[in-house]
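S.K.: Below is one structure. I have some questions about it.
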Amino acid sequence: MHSKIEIPAIAPRQAFGEVLLELGENRQDLIVLDGDVCTSTRTDMFRDRYPERFIQAGIAEANMAGMAAGLASCGFKPVVSTFAVFLAKRALDQIRVSIAHAELPVILNGAYAGLPTGNSGATHSSVSDMAVMRSMPHMTVLDPADAEDTKAAVRLAMNHDGPVYIRTVRCPVPQIFSEGHTMEFGRSERLLEGDDVAIISSGMMTPKALEAGLALKKQGIGARVIHMGSVKPIDREAVLAAARECGAIVTVENHSVIGGLGGAVSEVVTSQSPCPVRRLGFDDRFLESGNDEILFSRYGMNTENIIEAAKEMYREYSSSK
Amino acid sequence: MKIKISIDEIQAVKEKAGRIRRLSLKTCHHAGCGHLGGSFSEADILACLYFSQLHIDPSRPALAERDRFILSKGHSTPGYYAALAAAGYFDESVLETFDEAGSPLQGHPDRMKTPGVDMSTGSLGQGLSVGAGMALAGQMKVLDYYVYVLMGDGEIQEGQVWEAVNFAGFRQIRRLIGIVDCNNLQLSAKTLSPAGERTLERRFEAFGWKTLRCSGHEIGELLSTLREARNLAADGPVMVLADTVKGKGVSFMENQIEWHSKIVSDRDYEKARAELEEVYGAQ
């Protein structure tokens, strides 16, 4: 698993492009459909290697999702790739009826998930795609952390007989998982042991959560850091154990505080093991253009903010004091 | 150059169209719900497809080589289910469960519940994209099946239809045949069609589709046109514009906007049954 955070950072979108190349070699049923953003989502690598299995669907997301459903119903494994904000919104009804309700095994690549969009701002940053996808019956939602986790997510989705929504981010993310890492539906990864407070994170926020956990440890606070790459189905046991054993939870996600990871964790604890949950994420707002790290700081979503939130939750509610 | 259709074939398909209408009527009457107007406007088209055009084997509904049919105007299930039952996908008695809780025959088509349904539909405008995907799959797998997508003339107001029309025209997707059930009525209004000569034809043709127009009720003309469409579609996408009458076959339902989904009373049922019997004979 993790060792140090100093390993060079790799952009998950790059890893996504690479794993498609790897899978495309033996999986003749793998088809990639692109909504005219392949050079940004890195499915251009697949286009160049397997042009006969790449479909340039143009700037027409609804049609692209529908065609993927048709291809899947005839035995192909289509990957629909465009920006998360367009996939989860422009193609929403097509994903709902033609893919999810029809129970067809389509992989949906929600690229440019969350904040990092190369300064594109409010219209391109996707703050509520997980909320939308998570509330859709038959849909599975994965928010992988780094390059290896992204590859693991795609390999897992390739062998799943149903639709899977995978978030991939644009910016480089420090690597915490090593080669050979696997993902499973409903399984989380405990990255750091601790009983004082739990930090549950998903996606590109996990390296920051881990960094926060290590800093807290130095300050004598045992933070249990859990990576929840499988947001739906969620690892209920891990969430409930965190609630029981730590008594306080901080969730961290590159997404709105409404309906995403924080929402999912809250849903689990309220029904079975009530426990205070502090949700770090975008606070019900549209984002704006700017440097990724400056914006993450402005929205209170950097490592320092995670440390502060965890400390507060520990002081107020921890069951281990 | 019209393709000649034998009188025997016309008669055989016409009988099936009568069967589809009778079963649709019975289904809606029994269920106390359902979209009968559109089911009657599509009945002759479905009869031509299921009893002449489609290369299918109802005993093997998942056959990879089969032709596909998508009811994109997914609300017209009474007619669709009647056609599937008449074709032998399931017993006609199942029609009595239409729209009931737990029935395999849902209000809108569900590929996971109903044998013979190739695609789940119901939210209008989605079928042509799915059909384009199926046709592409056939090209990639070197299977020469055809894909038929039936749409309503109101349905093509949906923007997605034109995304699909653009893509299929651009790629000149082969063996994809769209059919528009042009009955000139939608749920609450006359169809919002721009006025002018050949407006529909010109719209599809501008996107690189071949178009054919015909009666959606004269079986001989319909069969001849669909056969021609199949020939033309070997090279690229074809749109058949079928002129129909909503509620066709029962005088008091024809062109009556409320018969989009009006409940069939016992009295309506008896009157309609008698009219159908007059045209198609007792059965």
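Residues are referred to by chain and number: the chain letter is A, B, ... according to the order shown in the structure tokens, the number counts from 1 in that chain, and ligands are numbered separately from 1 in the order shown.
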Using only C-alpha atoms and a cut-off of 8 Å, which residues of chain A sit close to chain B? Please list them as a PyMOL selection string.

M.R.: chain A and resi 57+60+62-64+66-71+73-74+76+93-94+97-98+101-103

S.K.: Please return as a ChimeraX atom specification: the residues of region 53-290 of chain A that backbone DSSP assigns to helix (DSSP H, G or I).

M.R.: /A:53,61-73,84-87,92-101,129-134,147-158,203-218,236-246,261-272

S.K.: Can you tell me, as a VMD selection string, which residues in region 62-237 of chain A count as strand (DSSP E or B) by DSSP?

M.R.: chain A and resid 77 to 83 107 to 111 113 to 114 126 140 to 142 164 to 168 173 189 to 192 197 to 201 223 to 227 230 to 232

S.K.: So that I can see what lies close to Tyr50 (chain B), please list as number ranges by chain the residues with an atom at most 8 Å from it, counting only C-alpha atoms and leaving out residues fewer than 4 positions away in the same chain.

M.R.: B: 46, 54, 83-84, 87

S.K.: Those residues you just picked out, can you put them in a file as a PDB file, in the first residue's frame with N, CA, C and O atoms?

M.R.:
ATOM      1  N   LEU B  46     -46.469  -2.055 -37.408  1.00  0.00           N
ATOM      2  CA  LEU B  46     -45.985  -3.195 -36.614  1.00  0.00           C
ATOM      3  C   LEU B  46     -46.325  -4.523 -37.290  1.00  0.00           C
ATOM      4  O   LEU B  46     -45.519  -5.461 -37.291  1.00  0.00           O
ATOM      5  N   LEU B  54     -39.139  -8.132 -40.436  1.00  0.00           N
ATOM      6  CA  LEU B  54     -38.094  -8.454 -39.460  1.00  0.00           C
ATOM      7  C   LEU B  54     -37.609  -9.898 -39.597  1.00  0.00           C
ATOM      8  O   LEU B  54     -38.412 -10.826 -39.689  1.00  0.00           O
ATOM      9  N   ALA B  83     -48.478  -6.969 -30.794  1.00  0.00           N
ATOM     10  CA  ALA B  83     -47.680  -7.500 -31.907  1.00  0.00           C
ATOM     11  C   ALA B  83     -46.732  -8.600 -31.428  1.00  0.00           C
ATOM     12  O   ALA B  83     -46.586  -9.641 -32.072  1.00  0.00           O
ATOM     13  N   LEU B  84     -46.099  -8.363 -30.272  1.00  0.00           N
ATOM     14  CA  LEU B  84     -45.168  -9.369 -29.734  1.00  0.00           C
ATOM     15  C   LEU B  84     -45.900 -10.663 -29.380  1.00  0.00           C
ATOM     16  O   LEU B  84     -45.409 -11.764 -29.643  1.00  0.00           O
ATOM     17  N   ALA B  87     -46.888 -12.430 -32.472  1.00  0.00           N
ATOM     18  CA  ALA B  87     -45.719 -13.042 -33.114  1.00  0.00           C
ATOM     19  C   ALA B  87     -45.231 -14.272 -32.358  1.00  0.00           C
ATOM     20  O   ALA B  87     -44.407 -15.038 -32.868  1.00  0.00           O
TER      21      ALA B  87
END
